[in-house]
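Source file coords.csv; content: CSV, C-alpha atoms and all ligand atoms.
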chain,number,residue,atom,x,y,z
A,1,MET,CA,-50.1,31.1,53.6
A,2,ARG,CA,-52.2,30.1,56.7
A,3,SER,CA,-51.9,26.9,58.7
A,4,PHE,CA,-53.8,25.0,61.3
A,5,ARG,CA,-53.7,21.6,62.9
A,6,VAL,CA,-56.3,18.9,62.7
A,7,ASP,CA,-56.4,17.6,66.2
A,8,LEU,CA,-56.8,13.8,66.0
A,9,GLY,CA,-54.6,12.3,68.6
A,10,PRO,CA,-52.1,10.0,66.8
A,11,GLY,CA,-53.6,11.1,63.4
A,12,ALA,CA,-53.1,14.9,64.1
A,13,HIS,CA,-51.5,16.7,61.2
A,14,PRO,CA,-51.0,20.2,59.8
A,15,VAL,CA,-53.0,21.8,57.0
A,16,HIS,CA,-51.5,24.6,54.9
A,17,VAL,CA,-53.6,26.8,52.7
A,18,GLY,CA,-52.4,29.6,50.4
A,19,THR,CA,-51.2,30.8,47.1
A,20,GLY,CA,-47.8,29.4,46.1
A,21,ALA,CA,-47.9,26.6,48.7
A,22,LEU,CA,-47.0,24.1,46.0
A,23,ASP,CA,-43.5,25.5,45.7
A,24,ARG,CA,-43.0,25.1,49.4
A,25,LEU,CA,-44.1,21.5,49.4
A,26,GLY,CA,-40.6,20.1,50.1
A,27,ASP,CA,-39.8,22.4,52.9
A,28,LEU,CA,-43.2,21.9,54.5
A,29,ALA,CA,-42.8,18.1,54.3
A,30,VAL,CA,-39.4,18.4,56.1
A,31,ALA,CA,-40.9,20.7,58.7
A,32,ALA,CA,-43.7,18.1,59.2
A,33,GLY,CA,-41.0,15.6,60.2
A,34,LEU,CA,-41.1,13.5,57.0
A,35,SER,CA,-37.8,12.0,55.9
A,36,GLY,CA,-36.4,12.8,52.4
A,37,GLY,CA,-35.1,10.2,50.0
A,38,ARG,CA,-37.1,7.7,48.0
A,39,SER,CA,-40.7,8.8,47.7
A,40,ALA,CA,-43.5,8.9,45.1
A,41,ILE,CA,-45.7,11.6,43.5
A,42,ILE,CA,-49.0,10.1,42.4
A,43,THR,CA,-51.0,12.2,40.0
A,44,ASP,CA,-53.2,12.1,36.9
A,45,GLU,CA,-52.4,13.0,33.3
A,46,ASN,CA,-54.1,16.4,33.5
A,47,VAL,CA,-52.7,17.6,36.8
A,48,GLY,CA,-49.3,16.0,36.0
A,49,GLY,CA,-48.9,18.0,32.9
A,50,LEU,CA,-49.7,21.2,34.7
A,51,TYR,CA,-48.1,20.9,38.1
A,52,LEU,CA,-45.8,17.9,38.4
A,53,GLU,CA,-42.6,19.6,37.6
A,54,ARG,CA,-43.2,22.3,40.2
A,55,ALA,CA,-43.9,19.7,42.9
A,56,ARG,CA,-40.9,17.6,41.9
A,57,HIS,CA,-38.6,20.6,41.9
A,58,SER,CA,-39.7,21.7,45.4
A,59,LEU,CA,-39.3,18.1,46.7
A,60,GLU,CA,-35.9,17.6,45.1
A,61,THR,CA,-34.6,20.9,46.5
A,62,ALA,CA,-35.7,19.7,50.0
A,63,GLY,CA,-33.9,16.3,49.6
A,64,PHE,CA,-36.6,14.0,48.3
A,65,GLU,CA,-36.1,11.7,45.4
A,66,PRO,CA,-39.6,11.2,44.1
A,67,ILE,CA,-40.6,8.7,41.4
A,68,LYS,CA,-43.6,9.8,39.3
A,69,ILE,CA,-46.7,7.7,39.0
A,70,GLU,CA,-49.1,9.2,36.4
A,71,LEU,CA,-52.5,7.7,35.9
A,72,PRO,CA,-55.3,8.4,33.5
A,73,ALA,CA,-57.7,11.1,34.7
A,74,GLY,CA,-61.2,10.3,35.8
A,75,GLU,CA,-63.3,8.3,38.2
A,76,SER,CA,-62.5,5.0,36.5
A,77,SER,CA,-59.0,5.2,37.8
A,78,LYS,CA,-60.3,4.5,41.3
A,79,SER,CA,-59.9,0.8,40.5
A,80,LEU,CA,-58.1,-2.3,41.6
A,81,MET,CA,-56.2,-2.3,38.3
A,82,MET,CA,-54.8,1.2,38.9
A,83,LEU,CA,-54.0,0.3,42.5
A,84,GLU,CA,-52.1,-2.7,41.3
A,85,ARG,CA,-50.2,-0.5,38.8
A,86,ILE,CA,-49.2,1.8,41.8
A,87,TYR,CA,-48.1,-1.2,43.9
A,88,ASP,CA,-46.0,-2.4,41.0
A,89,ARG,CA,-44.2,0.9,40.6
A,90,MET,CA,-43.7,1.1,44.4
A,91,VAL,CA,-42.1,-2.3,44.5
A,92,GLU,CA,-39.9,-1.6,41.5
A,93,ALA,CA,-38.7,1.7,43.1
A,94,ARG,CA,-38.1,-0.2,46.3
A,95,LEU,CA,-40.0,2.2,48.5
A,96,ASP,CA,-39.6,1.5,52.2
A,97,ARG,CA,-41.7,2.3,55.2
A,98,LYS,CA,-40.4,5.9,55.4
A,99,SER,CA,-41.1,6.7,51.8
A,100,VAL,CA,-43.6,9.5,51.5
A,101,VAL,CA,-46.5,9.3,49.1
A,102,PHE,CA,-47.6,12.7,47.7
A,103,ALA,CA,-51.1,12.6,46.2
A,104,LEU,CA,-51.2,15.5,43.7
A,105,GLY,CA,-54.6,15.8,42.2
A,106,GLY,CA,-58.4,15.9,42.8
A,107,GLY,CA,-60.5,13.5,44.9
A,108,VAL,CA,-59.9,10.6,42.6
A,109,ILE,CA,-56.1,10.7,43.1
A,110,GLY,CA,-56.5,11.6,46.8
A,111,ASP,CA,-58.7,8.5,47.4
A,112,LEU,CA,-56.7,6.2,45.3
A,113,ALA,CA,-53.2,7.3,46.3
A,114,GLY,CA,-54.4,7.5,49.9
A,115,PHE,CA,-55.5,3.9,49.8
A,116,ALA,CA,-52.3,2.8,48.2
A,117,ALA,CA,-50.3,4.6,51.0
A,118,ALA,CA,-52.6,3.1,53.6
A,119,THR,CA,-51.9,-0.5,52.4
A,120,PHE,CA,-48.4,-0.7,50.9
A,121,LEU,CA,-46.1,-2.1,53.6
A,122,ARG,CA,-49.0,-1.6,56.0
A,123,GLY,CA,-48.8,2.1,55.7
A,124,LEU,CA,-46.5,4.8,54.2
A,125,PRO,CA,-46.7,8.4,55.2
A,126,LEU,CA,-49.2,10.3,53.0
A,127,VAL,CA,-49.3,13.9,52.0
A,128,GLN,CA,-52.4,15.3,50.3
A,129,VAL,CA,-51.8,18.0,47.7
A,130,PRO,CA,-55.4,18.6,46.5
A,131,THR,CA,-55.9,20.4,43.2
A,132,THR,CA,-59.7,20.7,42.8
A,133,VAL,CA,-62.3,22.6,44.8
A,134,VAL,CA,-63.8,19.3,45.9
A,135,ALA,CA,-60.5,18.0,47.1
A,136,GLN,CA,-59.4,21.2,48.7
A,137,VAL,CA,-62.6,21.8,50.7
A,138,ASP,CA,-63.6,18.3,51.3
A,139,SER,CA,-61.9,15.0,50.3
A,140,ALA,CA,-58.3,15.7,51.3
A,141,LEU,CA,-59.3,16.1,54.9
A,142,GLY,CA,-60.9,13.4,57.0
A,143,GLY,CA,-58.9,10.3,56.2
A,144,LYS,CA,-61.4,8.5,53.9
A,145,THR,CA,-59.5,6.6,51.2
A,146,GLY,CA,-60.5,4.0,48.8
A,147,ILE,CA,-61.5,2.7,45.4
A,148,ASN,CA,-64.6,1.6,43.6
A,149,HIS,CA,-66.0,-1.8,42.9
A,150,ARG,CA,-68.2,-2.6,40.0
A,151,ALA,CA,-71.0,-3.1,42.5
A,152,GLY,CA,-70.6,0.4,43.9
A,153,LYS,CA,-68.6,3.5,44.6
A,154,ASN,CA,-66.0,3.5,47.4
A,155,LEU,CA,-66.8,-0.1,48.5
A,156,ILE,CA,-63.2,-0.9,49.2
A,157,GLY,CA,-61.3,1.5,51.5
A,158,ALA,CA,-59.7,2.5,54.8
A,159,PHE,CA,-59.6,5.4,57.2
A,160,TYR,CA,-56.1,6.7,56.9
A,161,GLN,CA,-55.0,10.1,58.0
A,162,PRO,CA,-52.5,12.1,55.9
A,163,ARG,CA,-49.4,13.5,57.7
A,164,MET,CA,-50.0,16.9,56.1
A,165,ILE,CA,-52.3,18.7,53.7
A,166,VAL,CA,-51.1,21.4,51.3
A,167,ALA,CA,-53.8,23.3,49.5
A,168,ASP,CA,-52.5,25.8,46.9
A,169,VAL,CA,-55.6,27.7,45.9
A,170,ALA,CA,-53.8,29.2,42.8
A,171,LEU,CA,-53.9,25.7,41.2
A,172,LEU,CA,-57.7,26.2,41.0
A,173,ALA,CA,-57.1,28.7,38.2
A,174,SER,CA,-56.8,25.9,35.6
A,175,LEU,CA,-59.8,23.8,36.7
A,176,PRO,CA,-62.5,23.4,34.1
A,177,GLU,CA,-65.6,25.6,34.9
A,178,ARG,CA,-68.0,22.8,35.6
A,179,GLU,CA,-65.7,21.1,38.0
A,180,PHE,CA,-65.0,24.4,39.7
A,181,ARG,CA,-68.7,25.2,40.3
A,182,GLU,CA,-69.4,21.6,41.4
A,183,GLY,CA,-67.1,22.0,44.4
A,184,LEU,CA,-68.9,25.2,45.5
A,185,ALA,CA,-71.9,23.0,46.4
A,186,GLU,CA,-69.9,21.6,49.3
A,187,VAL,CA,-68.7,25.1,50.3
A,188,ILE,CA,-72.2,26.4,50.4
A,189,LYS,CA,-73.1,23.3,52.5
A,190,TYR,CA,-70.6,24.2,55.2
A,191,GLY,CA,-72.2,27.7,55.5
A,192,ALA,CA,-75.7,26.3,55.6
A,193,ILE,CA,-75.1,23.6,58.2
A,194,MET,CA,-72.4,25.3,60.4
A,195,ASP,CA,-71.7,29.0,59.8
A,196,ALA,CA,-74.3,31.6,59.0
A,197,ALA,CA,-71.7,34.3,58.8
A,198,MET,CA,-69.8,32.3,56.2
A,199,PHE,CA,-73.0,31.9,54.3
A,200,THR,CA,-73.6,35.6,54.2
A,201,ASP,CA,-70.0,36.2,53.1
A,202,LEU,CA,-70.5,33.7,50.3
A,203,GLU,CA,-73.6,35.6,49.2
A,204,ARG,CA,-71.5,38.8,49.0
A,205,ASP,CA,-68.4,37.2,47.4
A,206,MET,CA,-69.9,34.7,44.9
A,207,GLY,CA,-69.0,36.9,41.9
A,208,ALA,CA,-65.4,37.2,43.0
A,209,ILE,CA,-65.2,33.5,43.8
A,210,LEU,CA,-66.5,32.6,40.3
A,211,ALA,CA,-63.9,35.0,38.9
A,212,ARG,CA,-61.4,32.9,41.0
A,213,GLU,CA,-59.9,35.8,42.8
A,214,THR,CA,-57.2,34.1,44.9
A,215,GLY,CA,-58.0,36.1,48.1
A,216,CYS,CA,-61.6,34.9,48.1
A,217,LEU,CA,-60.6,31.4,47.2
A,218,ASP,CA,-58.1,31.4,50.0
A,219,GLU,CA,-60.8,32.4,52.5
A,220,MET,CA,-63.2,29.9,51.1
A,221,VAL,CA,-60.9,26.9,51.3
A,222,TYR,CA,-59.5,27.9,54.7
A,223,ARG,CA,-62.9,28.2,56.3
A,224,SER,CA,-64.3,25.1,54.7
A,225,LEU,CA,-61.4,23.0,55.8
A,226,GLY,CA,-61.7,24.4,59.3
A,227,HIS,CA,-65.3,23.4,59.4
A,228,LYS,CA,-64.6,19.9,58.1
A,229,ALA,CA,-61.8,19.5,60.6
A,230,SER,CA,-64.0,20.5,63.5
A,231,VAL,CA,-66.5,17.8,62.6
A,232,VAL,CA,-63.9,15.1,61.9
A,233,GLU,CA,-62.1,15.9,65.2
A,234,ARG,CA,-65.3,15.2,67.1
A,235,ASP,CA,-66.4,12.2,65.0
A,236,GLU,CA,-63.5,10.7,63.1
A,237,ARG,CA,-65.2,7.4,62.2
A,238,GLU,CA,-68.6,8.7,61.3
A,239,GLY,CA,-70.4,7.6,64.4
A,240,GLY,CA,-72.9,10.4,64.5
A,241,LEU,CA,-72.0,14.1,64.1
A,242,ARG,CA,-70.2,13.6,60.9
A,243,ALA,CA,-73.6,12.7,59.4
A,244,ILE,CA,-74.5,16.5,59.2
A,245,LEU,CA,-72.0,16.7,56.3
A,246,ASN,CA,-74.5,14.6,54.4
A,247,PHE,CA,-76.8,17.7,54.1
A,248,GLY,CA,-78.3,17.5,50.6
A,249,HIS,CA,-76.8,14.1,50.0
A,250,THR,CA,-79.7,11.7,50.6
A,251,VAL,CA,-81.6,13.1,47.6
A,252,GLY,CA,-78.4,13.9,45.9
A,253,HIS,CA,-77.2,10.3,45.9
A,254,ALA,CA,-80.6,9.0,44.8
A,255,LEU,CA,-80.6,11.5,41.9
A,256,GLU,CA,-77.1,10.4,40.9
A,257,ALA,CA,-78.1,6.8,41.0
A,258,ALA,CA,-81.4,7.4,39.1
A,259,ALA,CA,-79.8,9.6,36.4
A,260,GLY,CA,-77.1,7.0,35.9
A,261,TYR,CA,-73.7,7.9,37.4
A,262,GLY,CA,-71.9,10.5,35.4
A,263,GLU,CA,-74.9,12.5,34.1
A,264,TYR,CA,-74.9,14.8,37.2
A,265,LEU,CA,-71.6,15.6,38.8
A,266,HIS,CA,-71.8,14.8,42.5
A,267,GLY,CA,-71.9,18.5,43.5
A,268,GLU,CA,-74.7,19.2,41.0
A,269,ALA,CA,-76.9,16.4,42.4
A,270,VAL,CA,-76.1,17.6,46.0
A,271,ALA,CA,-77.1,21.2,45.0
A,272,ILE,CA,-80.6,20.0,44.0
A,273,GLY,CA,-80.6,17.8,47.2
A,274,MET,CA,-79.9,20.8,49.3
A,275,VAL,CA,-82.7,22.8,47.8
A,276,ILE,CA,-85.1,20.0,48.7
A,277,ALA,CA,-83.6,19.6,52.1
A,278,ALA,CA,-84.0,23.3,52.7
A,279,ARG,CA,-87.6,23.1,51.7
A,280,LEU,CA,-88.1,20.1,54.0
A,281,SER,CA,-86.4,22.1,56.8
A,282,SER,CA,-89.1,24.8,56.5
A,283,LEU,CA,-91.8,22.1,56.7
A,284,HIS,CA,-90.3,20.0,59.6
A,285,ALA,CA,-87.5,21.9,61.4
A,286,GLY,CA,-88.5,25.5,61.7
A,287,LEU,CA,-86.2,27.0,59.0
A,288,GLY,CA,-87.8,30.3,57.8
A,289,THR,CA,-89.0,30.1,54.2
A,290,SER,CA,-87.0,33.2,53.3
A,291,GLU,CA,-83.9,31.4,54.6
A,292,ALA,CA,-84.7,28.3,52.5
A,293,LYS,CA,-85.0,30.7,49.5
A,294,ARG,CA,-81.5,32.1,50.3
A,295,VAL,CA,-80.0,28.6,50.1
A,296,GLU,CA,-81.6,28.1,46.7
A,297,ALA,CA,-80.5,31.6,45.5
A,298,LEU,CA,-76.9,31.1,46.5
A,299,LEU,CA,-76.7,27.8,44.8
A,300,LYS,CA,-78.2,29.4,41.7
A,301,ALA,CA,-75.7,32.2,41.9
A,302,ALA,CA,-72.9,29.6,42.0
A,303,GLY,CA,-74.2,28.3,38.6
A,304,LEU,CA,-75.5,25.1,40.1
A,305,PRO,CA,-78.8,23.3,39.2
A,306,ILE,CA,-81.5,23.9,41.7
A,307,ALA,CA,-84.3,21.8,40.3
A,308,ILE,CA,-84.9,18.4,38.9
A,309,PRO,CA,-85.4,18.6,35.2
A,310,PRO,CA,-88.9,17.9,34.0
A,311,ASP,CA,-87.8,14.7,32.2
A,312,TRP,CA,-86.2,13.2,35.4
A,313,ARG,CA,-86.6,9.5,35.9
A,314,LYS,CA,-89.1,9.5,38.7
A,315,GLU,CA,-89.4,5.8,38.9
A,316,SER,CA,-85.7,5.0,39.4
A,317,PHE,CA,-85.3,8.0,41.6
A,318,LEU,CA,-88.1,6.6,43.9
A,319,ARG,CA,-86.5,3.2,43.9
A,320,ALA,CA,-83.1,4.7,44.9
A,321,LEU,CA,-84.8,6.5,47.8
A,322,GLU,CA,-86.7,3.3,48.8
A,323,LEU,CA,-83.4,1.5,49.0
A,324,ASP,CA,-82.3,4.1,51.5
A,325,LYS,CA,-85.5,3.7,53.4
A,326,LYS,CA,-84.9,-0.1,53.8
A,327,ARG,CA,-81.5,0.6,55.1
A,328,ALA,CA,-82.8,3.0,57.7
A,329,GLY,CA,-85.8,1.0,58.8
A,330,LYS,CA,-89.0,3.0,59.1
A,331,GLY,CA,-88.0,6.5,58.1
A,332,ILE,CA,-85.1,8.0,56.3
A,333,GLU,CA,-82.6,9.8,58.5
A,334,PHE,CA,-82.5,13.3,57.0
A,335,VAL,CA,-80.2,16.3,57.7
A,336,LEU,CA,-82.3,19.4,58.1
A,337,LEU,CA,-81.6,23.0,59.1
A,338,ASP,CA,-83.5,24.5,62.0
A,339,ARG,CA,-81.9,27.8,61.1
A,340,LEU,CA,-79.2,29.0,58.6
A,341,GLY,CA,-75.9,27.8,60.0
A,342,HIS,CA,-77.2,25.0,62.1
A,343,ALA,CA,-78.2,21.4,61.3
A,344,LEU,CA,-79.9,18.5,63.0
A,345,THR,CA,-81.0,15.0,61.9
A,346,ARG,CA,-84.5,13.9,61.8
A,347,GLY,CA,-86.2,10.7,60.7
A,348,LEU,CA,-88.6,11.5,57.9
A,349,ARG,CA,-91.3,9.3,56.4
A,350,PHE,CA,-91.1,8.7,52.7
A,351,GLU,CA,-94.3,10.6,52.1
A,352,GLU,CA,-92.9,13.6,54.0
A,353,ILE,CA,-89.8,13.6,51.8
A,354,MET,CA,-91.9,13.6,48.7
A,355,ALA,CA,-93.7,16.7,49.9
A,356,GLY,CA,-90.4,18.5,49.5
A,357,PHE,CA,-90.7,18.1,45.7
A,358,ALA,CA,-94.1,19.7,45.5
A,401,LIG,N1,-62.4,10.9,50.7
A,401,LIG,C1,-63.5,11.7,50.8
A,401,LIG,O1,-63.8,12.1,51.9
A,401,LIG,C2,-64.2,12.2,49.6
A,401,LIG,C3,-65.1,13.3,49.7
A,401,LIG,C4,-65.6,13.8,48.5
A,401,LIG,C5,-65.3,13.2,47.3
A,401,LIG,N2,-64.5,12.1,47.2
A,401,LIG,C6,-64.1,11.5,46.0
A,401,LIG,O2,-63.5,12.4,45.1
A,401,LIG,C7,-63.7,12.1,43.8
A,401,LIG,C8,-64.1,13.3,43.0
A,401,LIG,O3,-63.0,14.3,43.1
A,401,LIG,P1,-62.9,15.5,42.1
A,401,LIG,O4,-64.2,16.1,41.9
A,401,LIG,O5,-61.7,16.3,42.6
A,401,LIG,O6,-62.6,14.7,40.7
A,401,LIG,P2,-61.2,14.4,39.9
A,401,LIG,O7,-60.1,14.0,40.9
A,401,LIG,O8,-61.6,13.4,38.9
A,401,LIG,O9,-60.9,15.8,39.2
A,401,LIG,C9,-61.7,16.3,38.3
A,401,LIG,C10,-61.0,16.6,37.0
A,401,LIG,O10,-60.2,17.8,37.1
A,401,LIG,C11,-58.9,17.6,36.7
A,401,LIG,N3,-58.1,18.4,37.5
A,401,LIG,C12,-57.8,18.3,38.8
A,401,LIG,N4,-57.2,19.4,39.3
A,401,LIG,C13,-57.0,20.2,38.2
A,401,LIG,C14,-56.4,21.5,38.1
A,401,LIG,N5,-55.9,22.2,39.2
A,401,LIG,N6,-56.5,22.1,36.9
A,401,LIG,C15,-57.0,21.4,35.8
A,401,LIG,N7,-57.6,20.2,35.9
A,401,LIG,C16,-57.6,19.6,37.1
A,401,LIG,C17,-58.7,16.1,36.9
A,401,LIG,O11,-57.7,15.6,36.0
A,401,LIG,C18,-60.1,15.5,36.5
A,401,LIG,O12,-60.2,15.4,35.1
A,401,LIG,C19,-64.8,11.0,43.8
A,401,LIG,O13,-64.2,9.8,43.5
A,401,LIG,C20,-65.3,11.0,45.2
A,401,LIG,O14,-65.7,9.7,45.6
A,401,LIG,C21,-63.9,11.6,48.4
A,402,ZN,ZN,-70.5,15.4,48.8

Could you write out this file's structure as structure tokens?
Amino acid sequence: MRSFRVDLGPGAHPVHVGTGALDRLGDLAVAAGLSGGRSAIITDENVGGLYLERARHSLETAGFEPIKIELPAGESSKSLMMLERIYDRMVEARLDRKSVVFALGGGVIGDLAGFAAATFLRGLPLVQVPTTVVAQVDSALGGKTGINHRAGKNLIGAFYQPRMIVADVALLASLPEREFREGLAEVIKYGAIMDAAMFTDLERDMGAILARETGCLDEMVYRSLGHKASVVERDEREGGLRAILNFGHTVGHALEAAAGYGEYLHGEAVAIGMVIAARLSSLHAGLGTSEAKRVEALLKAAGLPIAIPPDWRKESFLRALELDKKRAGKGIEFVLLDRLGHALTRGLRFEEIMAGFA
């Protein structure tokens, strides 16, 4: 197991990555200065069935008395209704301000349990135990928590840093194939925007990653979290720099919206968005065309879509991009690569963006 600290002043906290980390959850929590006793494990039905007992055993051995809050799996659980269900259980179990909330699951549970922890009694200590690639390389770190509103995703939320993150990469073995590959889009993103050497290693190791060899997964998660941490440390509240993490996301979000949420998984839409952003990078930021091709090839090797299907809903896609344009004023602020491993932002006119689809 390897560890590092996210350096965020009062929100600083340790991150542990490794195989078998789940069985050390209790000890790690004690070492992080969290007090035992009444606490809660929040999970979903899929993850609960697979890993709850191990988490509970580790916690009980270390002196925690966790209640179990198990919710239906899926995005629709990021709702006020589920939040209320969590509060009800917390009240009933008489959790107090020292009671630790353990979020055991993917990004849905991390966001939802994180927001519950941020708000119950004005804040309970939170531990993120991410179980998907998306959660292990992205959502568990950075302090964004929240739920959806029928008017839009993540409309209600708070920045709230966890007290610790424990990522056991062996848990990824049971993740369905499509969800596993989806998360690789964000991994490839870190290489493209921040770390050319990592990008090259991903090209070399993609086969082993897809075979879920734990050594490769360990390296992948550890490096990804390190990169996300370095961005969040410099820009916790998304003032500027954190925007580079949106590489591929402008087009990705528009695609998701146009296709109707749920048709594309987020990472799939972002993969297509990154291909287009790489092409635009060649046109407007000096990225070599062969490097743009490498971005496309690596995404393809990861089993991700790299092109908009011929039957895509062009009209609604354009409308979604237009919406973005209105928000940004004249041009759309776009994340581009000037070389592999380095990103910048640039205002692009709508027509310039459309050229990326040619
Ligand atoms: N807070 C952030 O910064 C941030 C960043 C990115 C995404 N998100 C949010 O994350 C959510 C998506 O997260 P996700 O992709 O992890 O989805 P998810 O939490 O819905 O998990 C995907 C599916 O995999 C199952 N699962 C989870 N771990 C498993 C395991 N180890 N074995 C078998 N099955 C497992 C889940 O039950 C679920 O059915 C979205 O709501 C998104 O808004 C947040
Ligand atoms: Zn994303």

>> Which residues are near region 143-151 of chain A? Cut-off 10 Å, all atoms listed in the file, ignore same chain within fewer than 2 positions. Put them as a ChimeraX atom specification.
In response: /A:11,75-80,82-83,107-118,139-141,153-162,232,236-237

Output C-alpha atoms of each residue in that selection to a file, as a tab-separated table (two decimals), in the frame of the given file.
chain	number	residue	atom	x	y	z
A	11	GLY	CA	-53.60	11.10	63.40
A	75	GLU	CA	-63.30	8.30	38.20
A	76	SER	CA	-62.50	5.00	36.50
A	77	SER	CA	-59.00	5.20	37.80
A	78	LYS	CA	-60.30	4.50	41.30
A	79	SER	CA	-59.90	0.80	40.50
A	80	LEU	CA	-58.10	-2.30	41.60
A	82	MET	CA	-54.80	1.20	38.90
A	83	LEU	CA	-54.00	0.30	42.50
A	107	GLY	CA	-60.50	13.50	44.90
A	108	VAL	CA	-59.90	10.60	42.60
A	109	ILE	CA	-56.10	10.70	43.10
A	110	GLY	CA	-56.50	11.60	46.80
A	111	ASP	CA	-58.70	8.50	47.40
A	112	LEU	CA	-56.70	6.20	45.30
A	113	ALA	CA	-53.20	7.30	46.30
A	114	GLY	CA	-54.40	7.50	49.90
A	115	PHE	CA	-55.50	3.90	49.80
A	116	ALA	CA	-52.30	2.80	48.20
A	117	ALA	CA	-50.30	4.60	51.00
A	118	ALA	CA	-52.60	3.10	53.60
A	139	SER	CA	-61.90	15.00	50.30
A	140	ALA	CA	-58.30	15.70	51.30
A	141	LEU	CA	-59.30	16.10	54.90
A	153	LYS	CA	-68.60	3.50	44.60
A	154	ASN	CA	-66.00	3.50	47.40
A	155	LEU	CA	-66.80	-0.10	48.50
A	156	ILE	CA	-63.20	-0.90	49.20
A	157	GLY	CA	-61.30	1.50	51.50
A	158	ALA	CA	-59.70	2.50	54.80
A	159	PHE	CA	-59.60	5.40	57.20
A	160	TYR	CA	-56.10	6.70	56.90
A	161	GLN	CA	-55.00	10.10	58.00
A	162	PRO	CA	-52.50	12.10	55.90
A	232	VAL	CA	-63.90	15.10	61.90
A	236	GLU	CA	-63.50	10.70	63.10
A	237	ARG	CA	-65.20	7.40	62.20

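Counting all atoms listed in the file, Leu241 (chain A) has the following residues at most 12 Å away, ignoring those fewer than 3 positions along the same chain: A:Ile193, A:Met194, A:Lys228, A:Ser230, A:Val231, A:Val232, A:Glu233, A:Arg234, A:Asp235, A:Glu236, A:Arg237, A:Glu238, A:Ile244, A:Leu245, A:Asn246, A:Phe247, A:Val335, A:Ala343, A:Leu344, A:Thr345.
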
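Each residue with an atom within 9 Å of any atom of ligand ZN 402 (chain A) appears in the list, which was built counting all atoms listed in the file: Val134, Asp138, Ser139, Gly183, Ala185, Glu186, Leu245, Asn246, Phe247, Gly248, His249, Gly252, His253, His266, Gly267 and Val270 of chain A.
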
> Could you pull the residues within 8 Å of Leu171 (chain A), counting only C-alpha atoms, minus those fewer than 3 positions along the same chain, as an MDAnalysis selection string?
Replying inline: chainID A and resid 131:132 168 174:175

Any chance you can output those residues with C-alpha atoms as an mmCIF file, keeping the file's coordinate frame?
data_model
loop_
_atom_site.group_PDB
_atom_site.id
_atom_site.type_symbol
_atom_site.label_atom_id
_atom_site.label_comp_id
_atom_site.auth_asym_id
_atom_site.auth_seq_id
_atom_site.Cartn_x
_atom_site.Cartn_y
_atom_site.Cartn_z
ATOM 1 C CA THR A 131 -55.900 20.400 43.200
ATOM 2 C CA THR A 132 -59.700 20.700 42.800
ATOM 3 C CA ASP A 168 -52.500 25.800 46.900
ATOM 4 C CA SER A 174 -56.800 25.900 35.600
ATOM 5 C CA LEU A 175 -59.800 23.800 36.700
#

> What is the CA of Arg122 (chain A)-CA of Met164 (chain A) distance in Å, reported with one decimal?
Replying inline: 18.5 Å

> What separation in Å, quoted to one decimal, exists between CA of Glu263 (chain A) and atom O9 of ligand LIG 401 (chain A)?
Replying inline: 15.3 Å

> Near Thr250 (chain A), counting only C-alpha atoms, which residues have an atom at most 8 Å away, once you skip same-chain residues fewer than 4 positions from it, shown as a list in words?
Replying inline: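 My reading of the contact set: Asn246, Ala254, Gly273, Leu321 and Phe334 of chain A.
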
> So what do you get for atom C15 of ligand LIG 401 (chain A) versus CA of Leu52 (chain A), distance-wise?
Replying inline: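 Going from atom C15 of ligand LIG 401 (chain A) over to CA of Leu52 (chain A) covers 12.0 Å.
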
> Any idea what's packed within 6 Å of region 27-31 of chain A, counting only C-alpha atoms, ignoring anything in its chain fewer than 3 positions away? Could you give it as an MDAnalysis selection string?
Replying inline: chainID A and resid 24 34 62

> With only C-alpha atoms as the atoms that count, which of A:Ser316, A:Asn46, A:Gln128, A:Ser290 lies nearest to Leu104 (chain A)?
Replying inline: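 Counting only C-alpha atoms, the residue closest to Leu104 (chain A) is A:Gln128.
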
>> Which polymer residues, whether protein, DNA or RNA, lie within 9 Å of the coordinate (-50.5, 22.8, 53.0) when you count only C-alpha atoms? List them as a list of chain:residue names, using the chain letters and numbers from the file.
In response: A:Met1, A:Arg2, A:Ser3, A:Pro14, A:Val15, A:His16, A:Val17, A:Gly18, A:Ala21, A:Leu22, A:Arg24, A:Leu25, A:Leu28, A:Gln128, A:Val129, A:Met164, A:Ile165, A:Val166, A:Ala167, A:Asp168

>> Just checking: using all atoms listed in the file, which residue out of A:Arg163, A:His342, A:Arg85, A:Arg319 ends up closest to Ala285 (chain A)?
In response: A:His342

> Which one is closest to Glu203 (chain A): A:Leu217, A:Val295, A:Ala271, A:Leu121? Count all atoms listed in the file.
Replying inline: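 For Glu203 (chain A), the nearest of the given residues is A:Val295.
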
> Residues around (-79.6, 14.8, 40.8), cut-off 6 Å, counting all atoms listed in the file - what are they as number ranges by chain?
Replying inline: A: 252, 255-256, 264, 269

>> I need the residue nearest Gly63 (chain A) from this list: A:Val100, A:Met206, A:Ala297, A:Leu172. Use all atoms listed in the file for the distance.
In response: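 Looking at the shortest contact to Gly63 (chain A), the residue is A:Val100.
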
>> Using all atoms listed in the file, can you tell me which of A:Gly49, A:Gly105, A:Gly33, A:Gly26 comes closest to ligand LIG 401 (chain A)?
In response: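 Looking only at the distances to ligand LIG 401 (chain A), the closest residue turns out to be A:Gly105.
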
> Hey, which of A:Leu337, A:Val187, A:Leu318, A:Ala243 ends up closest to Gly286 (chain A)? Count all atoms listed in the file.
Replying inline: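 The answer is A:Leu337, which sits nearest to Gly286 (chain A).
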